[in-house]
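Enquirer: Dropping in model_4.txt, with compact mmCIF, C-alpha atoms and all ligand atoms.
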# COMPACT_ATOMS: atom_id res chain seq x y z
CA MET A 1 -15.44 -13.24 -1.21
CA ASN A 2 -15.26 -13.39 -5.02
CA PRO A 3 -12.46 -11.42 -6.60
CA ILE A 4 -13.68 -8.19 -8.18
CA LYS A 5 -13.96 -8.18 -12.00
CA ILE A 6 -11.82 -5.38 -13.42
CA ALA A 7 -11.17 -4.52 -17.07
CA ILE A 8 -8.71 -2.08 -18.61
CA THR A 9 -10.42 0.46 -20.83
CA TYR A 10 -9.01 2.58 -23.62
CA GLY A 11 -10.58 5.73 -24.99
CA GLY A 12 -8.85 6.20 -28.34
CA LYS A 13 -9.45 4.35 -31.59
CA GLU A 14 -6.55 2.01 -30.89
CA ILE A 15 -4.94 0.53 -27.81
CA ASN A 16 -1.74 2.46 -27.06
CA ASP A 17 1.58 0.98 -25.87
CA LYS A 18 1.08 1.84 -22.21
CA GLU A 19 -2.32 0.15 -22.21
CA LYS A 20 -0.89 -2.90 -23.99
CA GLU A 21 1.91 -3.16 -21.43
CA LEU A 22 -0.56 -2.89 -18.55
CA GLN A 23 -2.63 -5.63 -20.16
CA SER A 24 0.34 -7.93 -20.57
CA ARG A 25 1.46 -7.39 -16.95
CA THR A 26 -1.98 -7.81 -15.39
CA ARG A 27 -3.63 -10.21 -17.87
CA LEU A 28 -6.86 -8.24 -17.37
CA PRO A 29 -9.31 -7.97 -20.30
CA ILE A 30 -9.07 -4.77 -22.32
CA VAL A 31 -12.12 -3.10 -23.86
CA ASN A 32 -13.04 0.12 -25.57
CA ARG A 33 -14.61 2.51 -23.05
CA ALA A 34 -17.61 3.05 -25.30
CA GLN A 35 -18.33 -0.68 -25.22
CA LEU A 36 -17.90 -1.18 -21.49
CA SER A 37 -20.82 -2.99 -19.93
CA ALA A 38 -21.60 -2.90 -16.23
CA ASP A 39 -22.94 -6.44 -16.59
CA PHE A 40 -19.45 -7.78 -17.12
CA VAL A 41 -17.22 -5.74 -14.84
CA ASP A 42 -17.24 -4.26 -11.36
CA GLY A 43 -14.76 -1.58 -12.25
CA PHE A 44 -12.16 -0.44 -14.74
CA LEU A 45 -8.62 0.83 -14.94
CA TYR A 46 -7.64 3.56 -17.38
CA TYR A 47 -4.92 6.10 -18.05
CA SER A 48 -5.87 9.76 -17.64
CA SER A 49 -3.94 13.02 -17.37
CA GLN A 50 -3.75 12.21 -13.62
CA GLY A 51 -2.12 8.85 -14.32
CA LEU A 52 -3.52 5.37 -13.90
CA ARG A 53 -6.97 5.44 -12.31
CA ILE A 54 -9.48 2.91 -11.10
CA GLU A 55 -13.20 3.56 -11.16
CA LEU A 56 -15.86 1.28 -9.76
CA VAL A 57 -19.23 0.65 -11.32
CA SER A 58 -21.30 1.12 -8.19
CA LYS A 59 -24.28 2.91 -6.77
CA ILE A 60 -22.12 4.85 -4.35
CA ASN A 61 -20.32 7.28 -6.55
CA GLN A 62 -16.89 7.71 -5.01
CA GLY A 63 -15.27 8.97 -8.20
CA PRO A 64 -12.06 7.53 -9.64
CA LEU A 65 -8.96 6.85 -7.57
CA SER A 66 -5.30 7.22 -8.41
CA VAL A 67 -2.29 7.26 -6.11
CA SER A 68 -1.10 10.79 -5.51
CA PHE A 69 1.65 11.50 -3.02
CA ASN A 70 1.34 15.27 -3.47
CA THR A 71 -1.72 15.26 -1.23
CA LEU A 72 0.32 13.58 1.51
CA GLU A 73 3.10 16.14 1.53
CA LYS A 74 1.38 18.30 4.13
CA ARG A 75 1.08 15.30 6.47
CA ALA A 76 4.76 14.62 5.91
CA ARG A 77 5.67 18.21 6.87
CA ASP A 78 3.52 18.44 10.02
CA SER A 79 5.69 17.22 12.90
CA LEU A 80 6.67 14.08 11.02
CA PHE A 81 9.09 12.92 13.72
CA GLY A 82 6.32 13.23 16.32
CA GLN A 83 4.02 10.80 14.49
CA ASN A 84 3.45 7.44 16.16
CA LEU A 85 4.36 5.50 12.99
CA ILE A 86 7.78 7.13 12.75
CA LYS A 87 8.47 6.85 16.49
CA ALA A 88 7.42 3.17 16.58
CA LEU A 89 9.77 2.34 13.71
CA GLY A 90 12.65 3.90 15.67
CA ILE A 91 13.28 6.65 13.11
CA ASN A 92 14.54 9.96 14.43
CA LYS A 93 16.68 12.81 13.20
CA GLY A 94 19.89 10.96 14.03
CA ARG A 95 18.77 7.42 13.10
CA ARG A 96 17.36 6.20 9.79
CA PRO A 97 16.91 2.41 9.98
CA LYS A 98 16.28 0.40 6.80
CA ILE A 99 12.59 -0.49 6.71
CA LEU A 100 10.74 -3.30 4.94
CA ASP A 101 7.03 -2.53 4.54
CA ALA A 102 5.48 -5.96 3.98
CA THR A 103 1.98 -4.61 3.24
CA ALA A 104 2.44 -1.57 1.00
CA GLY A 105 -1.20 -0.86 0.02
CA PHE A 106 -1.41 2.60 -1.54
CA GLY A 107 1.97 3.49 -0.03
CA THR A 108 0.85 6.13 2.48
CA ASP A 109 2.91 4.84 5.39
CA SER A 110 5.96 4.12 3.23
CA PHE A 111 5.82 7.61 1.78
CA LEU A 112 5.98 9.11 5.29
CA ILE A 113 8.89 6.76 6.09
CA ALA A 114 10.77 7.89 2.97
CA CYS A 115 10.05 11.56 3.79
CA ALA A 116 11.62 10.95 7.21
CA GLY A 117 14.79 9.85 5.40
CA SER A 118 14.72 6.05 5.72
CA GLU A 119 15.02 3.66 2.80
CA VAL A 120 12.00 1.41 2.47
CA SER A 121 11.34 -1.77 0.49
CA LEU A 122 7.64 -2.12 -0.23
CA PHE A 123 5.87 -5.44 -0.89
CA GLU A 124 2.40 -5.57 -2.40
CA ARG A 125 0.82 -8.81 -3.58
CA ASN A 126 -2.41 -7.47 -5.11
CA THR A 127 -1.88 -6.74 -8.81
CA ILE A 128 -4.29 -3.81 -9.06
CA VAL A 129 -3.05 -2.11 -5.89
CA PHE A 130 0.53 -2.68 -7.06
CA GLU A 131 -0.10 -1.12 -10.50
CA LEU A 132 -1.80 1.95 -9.01
CA LEU A 133 1.00 2.40 -6.49
CA GLN A 134 3.76 1.93 -9.04
CA ASP A 135 2.16 4.49 -11.34
CA GLY A 136 1.81 7.02 -8.49
CA LEU A 137 5.42 6.49 -7.47
CA ILE A 138 6.78 7.00 -10.99
CA ARG A 139 4.69 10.16 -11.53
CA TYR A 140 5.83 11.56 -8.18
CA SER A 141 9.50 10.87 -8.96
CA LEU A 142 9.22 12.91 -12.18
CA ILE A 143 7.94 16.10 -10.50
CA GLY A 144 11.36 17.45 -9.49
CA ALA A 145 14.66 16.78 -7.72
CA LYS A 146 13.25 16.72 -4.16
CA GLU A 147 10.44 14.35 -5.17
CA ASN A 148 12.89 12.14 -7.05
CA ARG A 149 15.07 11.87 -3.94
CA ILE A 150 12.12 10.78 -1.78
CA ALA A 151 10.81 8.31 -4.39
CA SER A 152 14.29 6.81 -4.85
CA ARG A 153 14.20 5.72 -1.19
CA MET A 154 11.09 3.62 -1.98
CA ARG A 155 11.69 0.26 -3.74
CA LEU A 156 8.49 -1.45 -4.75
CA TYR A 157 8.12 -5.21 -5.33
CA HIS A 158 5.10 -7.04 -6.68
CA MET A 159 5.37 -9.99 -4.34
CA ASP A 160 3.74 -11.82 -1.50
CA PHE A 161 5.86 -11.14 1.57
CA ASN A 162 5.37 -14.74 2.72
CA ASP A 163 7.11 -15.93 -0.46
CA ILE A 164 10.34 -13.94 -0.05
CA GLU A 165 13.69 -15.68 0.20
CA SER A 166 14.47 -14.84 3.82
CA ASN A 167 18.27 -14.97 3.36
CA ASN A 168 18.13 -12.16 0.79
CA TRP A 169 16.57 -9.58 3.11
CA THR A 170 18.20 -7.93 6.12
CA PRO A 171 16.09 -4.89 7.05
CA ASP A 172 16.52 -3.25 10.44
CA VAL A 173 12.75 -3.07 10.85
CA VAL A 174 9.82 -4.96 9.32
CA TYR A 175 6.55 -3.08 9.31
CA LEU A 176 3.21 -4.93 9.02
CA ASP A 177 -0.17 -3.30 8.43
CA PRO A 178 -2.32 -6.28 7.45
CA MET A 179 -5.61 -4.72 8.61
CA PHE A 180 -8.48 -5.48 6.33
CA PRO A 181 -10.43 -2.24 5.77
CA ARG A 182 -13.59 -2.14 7.86
CA SER A 183 -16.91 -1.49 6.16
CA SER A 184 -18.15 1.14 8.54
CA LYS A 185 -19.86 4.33 7.41
CA ASN A 186 -16.80 6.14 8.57
CA SER A 187 -14.40 4.23 6.34
CA LEU A 188 -16.78 4.47 3.40
CA SER A 189 -16.28 8.20 3.48
CA LYS A 190 -12.57 7.71 2.84
CA LYS A 191 -12.05 6.93 -0.78
CA PRO A 192 -8.84 4.84 -0.56
CA MET A 193 -10.44 2.73 2.20
CA TYR A 194 -13.56 2.23 0.11
CA TYR A 195 -11.48 1.06 -2.86
CA MET A 196 -9.38 -1.22 -0.66
CA GLN A 197 -12.56 -2.92 0.59
CA LYS A 198 -13.68 -3.52 -2.97
CA ILE A 199 -10.37 -4.56 -4.52
CA LEU A 200 -8.93 -6.85 -1.86
CA SER A 201 -9.96 -10.44 -1.61
CA GLY A 202 -8.33 -13.33 0.13
CA LYS A 203 -7.32 -13.62 3.72
CA THR A 204 -4.07 -12.27 5.01
CA ASP A 205 -2.09 -14.88 6.89
CA GLU A 206 -1.04 -12.57 9.69
CA SER A 207 0.74 -15.14 11.83
CA CYS A 208 2.80 -16.37 8.90
CA MET A 209 3.79 -12.79 8.07
CA PHE A 210 4.71 -12.14 11.67
CA GLU A 211 6.94 -15.24 11.81
CA MET A 212 8.70 -14.19 8.60
CA ALA A 213 9.13 -10.65 9.96
CA LEU A 214 10.75 -11.95 13.16
CA LYS A 215 13.09 -14.09 11.08
CA ILE A 216 14.49 -11.27 8.95
CA ALA A 217 14.28 -8.08 11.04
CA LYS A 218 17.57 -7.14 12.70
CA LYS A 219 16.17 -4.73 15.28
CA ARG A 220 12.38 -4.71 15.53
CA VAL A 221 9.02 -5.68 14.07
CA VAL A 222 6.23 -3.10 14.18
CA VAL A 223 2.59 -4.11 13.73
CA LYS A 224 -0.25 -1.64 13.13
CA ARG A 225 -3.49 -2.68 14.83
CA ARG A 226 -6.85 -1.11 15.51
CA ALA A 227 -6.81 0.52 18.94
CA ASN A 228 -8.81 -2.31 20.52
CA SER A 229 -7.78 -5.33 18.44
CA PRO A 230 -5.89 -8.21 20.03
CA GLU A 231 -2.15 -8.54 19.44
CA ILE A 232 -0.99 -10.37 16.32
CA SER A 233 0.61 -13.16 18.37
CA LYS A 234 1.13 -14.48 21.88
CA ARG A 235 4.66 -13.08 21.94
CA LYS A 236 4.99 -10.27 24.47
CA VAL A 237 4.83 -6.77 22.98
CA ASP A 238 7.81 -4.68 24.13
CA PHE A 239 6.09 -1.31 23.83
CA VAL A 240 3.11 0.36 22.20
CA TYR A 241 2.38 3.73 20.59
CA LYS A 242 -1.34 4.28 20.91
CA GLY A 243 -3.45 6.75 18.95
CA ASN A 244 -7.22 7.31 18.95
CA SER A 245 -8.15 4.65 16.40
CA ASN A 246 -4.91 2.71 15.82
CA ARG A 247 -1.87 1.59 17.69
CA PHE A 248 1.62 0.37 16.80
CA ASP A 249 2.88 -2.70 18.66
CA VAL A 250 6.67 -2.86 18.79
CA TYR A 251 8.53 -6.20 19.15
CA LEU A 252 12.25 -5.91 19.77
CA ILE A 253 14.55 -8.57 18.36
C1 LIG A 301 -4.21 -2.22 5.15
S1 LIG A 301 -3.42 -2.27 3.59
C2 LIG A 301 -1.91 -1.41 3.91
C3 LIG A 301 -2.03 0.08 3.87
C4 LIG A 301 -0.69 0.76 3.88
N1 LIG A 301 -0.03 0.66 5.17
C5 LIG A 301 -0.78 2.22 3.44
O1 LIG A 301 -0.22 3.08 4.14
O2 LIG A 301 -1.39 2.49 2.39
C6 LIG A 301 -2.83 -3.91 3.46
C7 LIG A 301 -2.17 -4.21 2.12
O3 LIG A 301 -1.31 -5.33 2.31
C8 LIG A 301 -1.41 -6.17 1.20
N2 LIG A 301 -1.01 -7.52 1.67
C9 LIG A 301 -1.68 -8.33 2.53
N3 LIG A 301 -0.98 -9.46 2.75
C10 LIG A 301 0.16 -9.35 2.00
C11 LIG A 301 1.29 -10.22 1.80
N4 LIG A 301 1.36 -11.42 2.38
N5 LIG A 301 2.30 -9.79 0.98
C12 LIG A 301 2.21 -8.58 0.35
N6 LIG A 301 1.16 -7.74 0.48
C13 LIG A 301 0.15 -8.12 1.31
C14 LIG A 301 -2.86 -6.06 0.75
O4 LIG A 301 -3.00 -6.44 -0.61
C15 LIG A 301 -3.13 -4.58 1.00
O5 LIG A 301 -2.85 -3.81 -0.14
Would you mind writing the file out in structure tokens?
Expert:
Amino acid sequence: MNPIKIAITYGGKEINDKEKELQSRTRLPIVNRAQLSADFVDGFLYYSSQGLRIELVSKINQGPLSVSFNTLEKRARDSLFGQNLIKALGINKGRRPKILDATAGFGTDSFLIACAGSEVSLFERNTIVFELLQDGLIRYSLIGAKENRIASRMRLYHMDFNDIESNNWTPDVVYLDPMFPRSSKNSLSKKPMYYMQKILSGKTDESCMFEMALKIAKKRVVVKRRANSPEISKRKVDFVYKGNSNRFDVYLI
């Protein structure tokens, strides 16, 4: 699949500092919004009062997307310690293992992990996903003291997990969610999924990630799979937390 063509747009007369910095980090072209042509780009990034947003030029109007953790707070309050993700990672009220989330995406799972009280290092290799996530994380941390505490448990790195220096990382648990979003009608109705499908290109080397995870995790590796997908490797799964559409395979070290 060809990588999606994204430009940064600015609305004012001049490019401001934030937009310049985004351009120098991402190396994406920058154009005035009034001159944006759908012939040249598939979508655009821009700063709004809701932070950094991405909008796609497409027939299906999904509206713009930004990362907002506020909308996840309810999910984090509702029986958080009863959720399969948290149980599979071995987090409970008396135990907060250090987690490494090797596939951060828009940070939903890591946010729940941080709300449960564990520290989490997040790795994201896609530049656009990384920028959106970083922006959402910074905005969330500035809301107040409670939000700042949760955000400070989340350390984000713009890196390919397979490229890490294994000696430098000693998490208790490595979490992998390498699922490529499915293009079903159902997932199209979910905006973050829709954007993921459009933004991501390139295959995820799942077995390489799994080998790296086994090398550095001190206690367990947890892999999120679709309910009926095969396991990530031939290694025997120690136990499974199964939900309706997904499951978490747990490999003890
Ligand atoms: C299914 S999404 C993860 C969703 C995430 N669990 C959440 O809660 O939002 C997978 C993400 O992993 C990233 N990814 C895939 N392989 C990676 C690798 N080797 N290193 C870092 N990130 C990777 C992709 O760019 C994508 O953003």
Enquirer: Is it possible to get the residues within 12 Å of (12.6, -1.5, -9.3) (coordinates as in the file, counting only C-alpha atoms) written as an mmCIF file with C-alpha atoms, in the frame of the given file?
Expert:
data_model
loop_
_atom_site.group_PDB
_atom_site.id
_atom_site.type_symbol
_atom_site.label_atom_id
_atom_site.label_comp_id
_atom_site.auth_asym_id
_atom_site.auth_seq_id
_atom_site.Cartn_x
_atom_site.Cartn_y
_atom_site.Cartn_z
ATOM 1 C CA SER A 121 11.340 -1.770 0.490
ATOM 2 C CA LEU A 122 7.640 -2.120 -0.230
ATOM 3 C CA PHE A 123 5.870 -5.440 -0.890
ATOM 4 C CA GLN A 134 3.760 1.930 -9.040
ATOM 5 C CA LEU A 137 5.420 6.490 -7.470
ATOM 6 C CA ILE A 138 6.780 7.000 -10.990
ATOM 7 C CA ALA A 151 10.810 8.310 -4.390
ATOM 8 C CA SER A 152 14.290 6.810 -4.850
ATOM 9 C CA ARG A 153 14.200 5.720 -1.190
ATOM 10 C CA MET A 154 11.090 3.620 -1.980
ATOM 11 C CA ARG A 155 11.690 0.260 -3.740
ATOM 12 C CA LEU A 156 8.490 -1.450 -4.750
ATOM 13 C CA TYR A 157 8.120 -5.210 -5.330
ATOM 14 C CA HIS A 158 5.100 -7.040 -6.680
#
Enquirer: Taking all atoms listed in the file and a cut-off of 8 Å, can you tell me which residues surround ligand LIG 301 (chain A), written as a ChimeraX atom specification?
Expert: /A:101-111,123-126,129-130,158-163,176-181,196,200,203-206,209
Enquirer: Counting all atoms listed in the file, find the residues whose atoms lie at most 8 Å from (-12.1, 0.5, -14.2) (file coordinates) and write them out as a PyMOL selection string.
Expert: chain A and resi 6-9+42-46+53-57
Enquirer: Just the residues within 9 Å of A:Met212, please, counting all atoms listed in the file, with nothing from its chain fewer than 3 positions along; format it as a ChimeraX atom specification.
Expert: /A:161-162,164,166,207-209,215-217
Enquirer: Can you report as JSON the centre and edge lengths in Å, to one decimal, of an axis-aligned box around the listed atoms of stretch 163-176 of chain A padded with 5 Å on each side?
Expert:
{"center_x": 10.7, "center_y": -9.5, "center_z": 5.2, "size_x": 25.1, "size_y": 22.9, "size_z": 21.3}
Enquirer: Can you work out the spacing between atom CA of A:Gln62 and atom CA of A:Ser201 in Å, to one decimal?
Expert: 19.7 Å
Enquirer: For A:Asp238, which residue out of A:Ile91, A:Leu22, A:Val67, A:Leu252 is the nearest one, using all atoms listed in the file?
Expert: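 Of all the options, A:Leu252 lies closest to A:Asp238.
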Enquirer: Could you list, as number ranges by chain, every residue within 6 Å of A:Asp172, counting all atoms listed in the file and ignoring same-chain residues fewer than 4 positions away?
Expert: A: 97-98, 217-219
Enquirer: Atom CA of A:Leu214 to atom CA of A:Gly117: how many Å, to one decimal?
Expert: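 Separation between atom CA of A:Leu214 and atom CA of A:Gly117: 23.5 Å.
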Enquirer: For atom CA of A:Gly12 and atom CA of A:Gly136, quote the distance in Å rounded to one decimal.
Expert: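 We find that atom CA of A:Gly12 and atom CA of A:Gly136 lie 22.5 Å from each other.
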Enquirer: Take stretch 222-238 of chain A from the block and save it with N, CA and C atoms, as a PDB file, in the first residue's frame.
Expert:
ATOM      1  N   VAL A 222       2.229  -9.787  26.915  1.00  0.00           N
ATOM      2  CA  VAL A 222       0.786  -9.882  26.664  1.00  0.00           C
ATOM      3  C   VAL A 222       0.522  -9.428  25.230  1.00  0.00           C
ATOM      4  N   VAL A 223      -0.208 -10.250  24.481  1.00  0.00           N
ATOM      5  CA  VAL A 223      -0.481  -9.943  23.072  1.00  0.00           C
ATOM      6  C   VAL A 223      -1.988  -9.839  22.859  1.00  0.00           C
ATOM      7  N   LYS A 224      -2.425  -8.710  22.298  1.00  0.00           N
ATOM      8  CA  LYS A 224      -3.849  -8.553  21.978  1.00  0.00           C
ATOM      9  C   LYS A 224      -4.099  -9.134  20.589  1.00  0.00           C
ATOM     10  N   ARG A 225      -5.099  -9.979  20.488  1.00  0.00           N
ATOM     11  CA  ARG A 225      -5.468 -10.603  19.212  1.00  0.00           C
ATOM     12  C   ARG A 225      -6.957 -10.467  18.994  1.00  0.00           C
ATOM     13  N   ARG A 226      -7.398 -10.615  17.744  1.00  0.00           N
ATOM     14  CA  ARG A 226      -8.837 -10.746  17.516  1.00  0.00           C
ATOM     15  C   ARG A 226      -9.284 -12.070  18.104  1.00  0.00           C
ATOM     16  N   ALA A 227     -10.532 -12.130  18.527  1.00  0.00           N
ATOM     17  CA  ALA A 227     -11.010 -13.320  19.260  1.00  0.00           C
ATOM     18  C   ALA A 227     -10.648 -14.626  18.551  1.00  0.00           C
ATOM     19  N   ASN A 228     -10.734 -14.620  17.203  1.00  0.00           N
ATOM     20  CA  ASN A 228     -10.516 -15.898  16.502  1.00  0.00           C
ATOM     21  C   ASN A 228      -9.216 -15.964  15.705  1.00  0.00           C
ATOM     22  N   SER A 229      -8.303 -15.031  15.937  1.00  0.00           N
ATOM     23  CA  SER A 229      -7.029 -15.064  15.200  1.00  0.00           C
ATOM     24  C   SER A 229      -6.095 -16.100  15.808  1.00  0.00           C
ATOM     25  N   PRO A 230      -5.169 -16.622  14.975  1.00  0.00           N
ATOM     26  CA  PRO A 230      -4.193 -17.563  15.550  1.00  0.00           C
ATOM     27  C   PRO A 230      -3.241 -16.843  16.511  1.00  0.00           C
ATOM     28  N   GLU A 231      -2.545 -17.626  17.319  1.00  0.00           N
ATOM     29  CA  GLU A 231      -1.566 -17.027  18.244  1.00  0.00           C
ATOM     30  C   GLU A 231      -0.435 -16.385  17.445  1.00  0.00           C
ATOM     31  N   ILE A 232       0.297 -15.510  18.103  1.00  0.00           N
ATOM     32  CA  ILE A 232       1.385 -14.778  17.433  1.00  0.00           C
ATOM     33  C   ILE A 232       2.573 -15.695  17.133  1.00  0.00           C
ATOM     34  N   SER A 233       2.710 -16.774  17.925  1.00  0.00           N
ATOM     35  CA  SER A 233       3.856 -17.678  17.711  1.00  0.00           C
ATOM     36  C   SER A 233       3.476 -19.101  18.117  1.00  0.00           C
ATOM     37  N   LYS A 234       4.435 -20.000  17.914  1.00  0.00           N
ATOM     38  CA  LYS A 234       4.161 -21.410  18.267  1.00  0.00           C
ATOM     39  C   LYS A 234       4.334 -21.632  19.772  1.00  0.00           C
ATOM     40  N   ARG A 235       4.964 -20.702  20.440  1.00  0.00           N
ATOM     41  CA  ARG A 235       5.169 -20.843  21.886  1.00  0.00           C
ATOM     42  C   ARG A 235       3.819 -20.981  22.595  1.00  0.00           C
ATOM     43  N   LYS A 236       3.795 -21.844  23.597  1.00  0.00           N
ATOM     44  CA  LYS A 236       2.532 -22.130  24.277  1.00  0.00           C
ATOM     45  C   LYS A 236       2.065 -20.910  25.078  1.00  0.00           C
ATOM     46  N   VAL A 237       0.791 -20.560  24.908  1.00  0.00           N
ATOM     47  CA  VAL A 237       0.215 -19.449  25.683  1.00  0.00           C
ATOM     48  C   VAL A 237      -0.048 -19.968  27.094  1.00  0.00           C
ATOM     49  N   ASP A 238       0.302 -19.180  28.119  1.00  0.00           N
ATOM     50  CA  ASP A 238       0.077 -19.655  29.485  1.00  0.00           C
ATOM     51  C   ASP A 238      -1.376 -19.483  29.916  1.00  0.00           C
TER      52      ASP A 238
END
